[in-house]
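Peer 1: Below you will find the structure I want to go over with you.
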Amino acid sequence: MHTVAVLALDQVIPFDLSVPIDTFGWARLPDGRPAYRVRVCSPAGEVSAGGGVFSVRAPYGLEALAEADTIMLPGVADPTVPLPPGVAEAVCAAAANGTRIASICVGAFVFAATGLLDGRRATTHWRAAADLASMYPGITVDPNVLYVDNGQFLTSAGAAAAMDMCLHMIRKDHGSAVAAHAARMSVMPLEREGGQAQFIVHDLPPAPAGATLEPVLAWLEDNCDRDLTLDEIAAQARMSSRTLNRRFREQTGTTPLQWLHRARVRRAQYLLETTPYPVERIAAQAGFGSPTAFRERFRRVVGTSPQAYRRSFRSEGDGAVRAS
């Protein structure tokens, strides 16, 4: 039987710990037998869960990693804390023997600390992606996907993306029928449309408080539904187009038109979340020239279609129009 070892370090994130235990635990072979044996192991006999909400008494120590076919690395509350003695060595020794290793959410920091992700593509929770890339520049961090499968090594994005990755692993191990059963038991689709990008809050590039661009940025937000040109924006800012571009680069790190596109996508997201308006109307109200242009820009920025975004973020029972 395939053995999955889930590594519980101190301050382990409870959701990260439970997802592989439950998801692999639901998997059943065609004859009804469990597809996996799941073991929780730790370098200490007992560790605290993140936030101190409860303690975890692990039945197995680090020696269980050497006997596992798959090792799961959940995240911890502070992913920058150095690994306990012996953890990196045990994980690397298992990797050298061909053990499959996968991280959940900010467990990518635990994985990265072993050095095994150097030179590889990986993901983590979108809010931690920049920190992971900064701490471990040898890793190519992709914040837009639900998980990355490098073969022996896998990483998943935040929270529920761990379930996507676990179901993907079950399908690779035992086929679609076993994975589909585990997905039904987990009340999860076997595959979700779109990547992690659809869950990222795309903040508009800010200008420092008191910056000269503050008035024109506010004006752009109020008028993003209009077909604005660079010359019109420059006239509103009372400066030349060349000076406007330079100031935008200095104060927001982007260009006026790129900033405007992002503002339009944000308005479209709000309308998709809060109104029943058709895509054609939202495209017009958000300032896109056509529904086709809207769909293309939205998918480029958010990583999924407007319709899929609405299904994910707007309750079907909410018929109220809350947007002005």
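Labels used: A, B, ... for chains in the order of the structure tokens, numbers from 1 for residues in each chain, and numbers from 1 for ligands as shown.
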Let's see if you can do this: from backbone DSSP, list all alpha helix (DSSP H) residues in segment 231-318 of chain A, as JSON, numbers by chain.
Peer 2: {"A": [231, 232, 233, 234, 235, 236, 237, 241, 242, 243, 244, 245, 246, 247, 248, 249, 250, 251, 252, 256, 257, 258, 259, 260, 261, 262, 263, 264, 265, 266, 267, 268, 269, 270, 271, 272, 273, 274, 279, 280, 281, 282, 283, 284, 285, 291, 292, 293, 294, 295, 296, 297, 298, 299, 300, 301, 302, 306, 307, 308, 309, 310, 311, 312, 313]}
Peer 1: Between A:Ser186, A:Thr124, A:Thr70, A:Thr3, which residue has the minimum interatomic distance to Met169 of chain A, considering only C-alpha atoms?
Peer 2: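 Of all the options, A:Thr70 lies closest to Met169 of chain A.
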Peer 1: Neighbouring residues of segment 12-14 of chain A were defined as those with any atom within 8 Å, considering only C-alpha atoms; residues of the same chain fewer than 3 positions away were excluded. Please report them as a tab-separated table (two decimals) with C-alpha atoms, in the first residue's frame.
Peer 2:
chain	number	residue	atom	x	y	z
A	8	ALA	CA	3.78	18.16	11.40
A	9	LEU	CA	6.18	20.87	12.55
A	17	LEU	CA	-2.32	19.32	8.06
A	18	SER	CA	-5.84	17.98	7.64
A	47	VAL	CA	3.61	20.09	18.53
A	48	SER	CA	1.26	23.05	18.75
A	49	ALA	CA	-1.01	23.96	15.88
A	50	GLY	CA	-0.76	27.48	14.49
A	74	PRO	CA	2.16	21.50	5.42
A	75	GLY	CA	2.81	25.16	6.13
A	76	VAL	CA	3.60	26.70	9.50
A	77	ALA	CA	2.42	29.97	11.02
Peer 1: How far is it from atom CA of His181 of chain A to atom CA of Asp164 of chain A, in Å with one decimal?
Peer 2: 13.6 Å
Peer 1: Just the number, please: distance in Å from atom CA of Gln236 of chain A to atom CA of Asn223 of chain A, one decimal.
Peer 2: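 Between atom CA of Gln236 of chain A and atom CA of Asn223 of chain A the gap is 11.4 Å.
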Peer 1: Contacts of segment 252-263 of chain A at 12 Å or less, counting only C-alpha atoms, minus same-chain residues fewer than 6 places along, as a PyMOL selection string?
Peer 2: chain A and resi 201-209+211-214+216-234+237+241-246+269-270+285-289+293-294+296-298+300-302
Peer 1: I'd like the neighbourhood of Cys41 of chain A as a PyMOL selection string, where a residue qualifies if any of its atoms comes within 8 Å (using only C-alpha atoms), though same-chain residues fewer than 3 positions away should be ignored.
Peer 2: chain A and resi 5-8+58-62+64-65
Peer 1: Could you save those same residues with C-alpha atoms as a compact mmCIF listing (two decimals), in the first residue's frame?
Peer 2:
# COMPACT_ATOMS: atom_id res chain seq x y z
CA ALA A 5 3.78 10.74 5.56
CA VAL A 6 2.45 14.14 6.63
CA LEU A 7 5.12 16.16 8.44
CA ALA A 8 3.78 18.16 11.40
CA ALA A 58 2.27 12.61 16.17
CA PRO A 59 2.49 8.80 16.33
CA TYR A 60 5.62 8.72 14.16
CA GLY A 61 9.01 10.42 14.17
CA LEU A 62 11.25 11.52 11.33
CA ALA A 64 8.78 7.50 9.04
CA LEU A 65 9.91 9.73 6.17
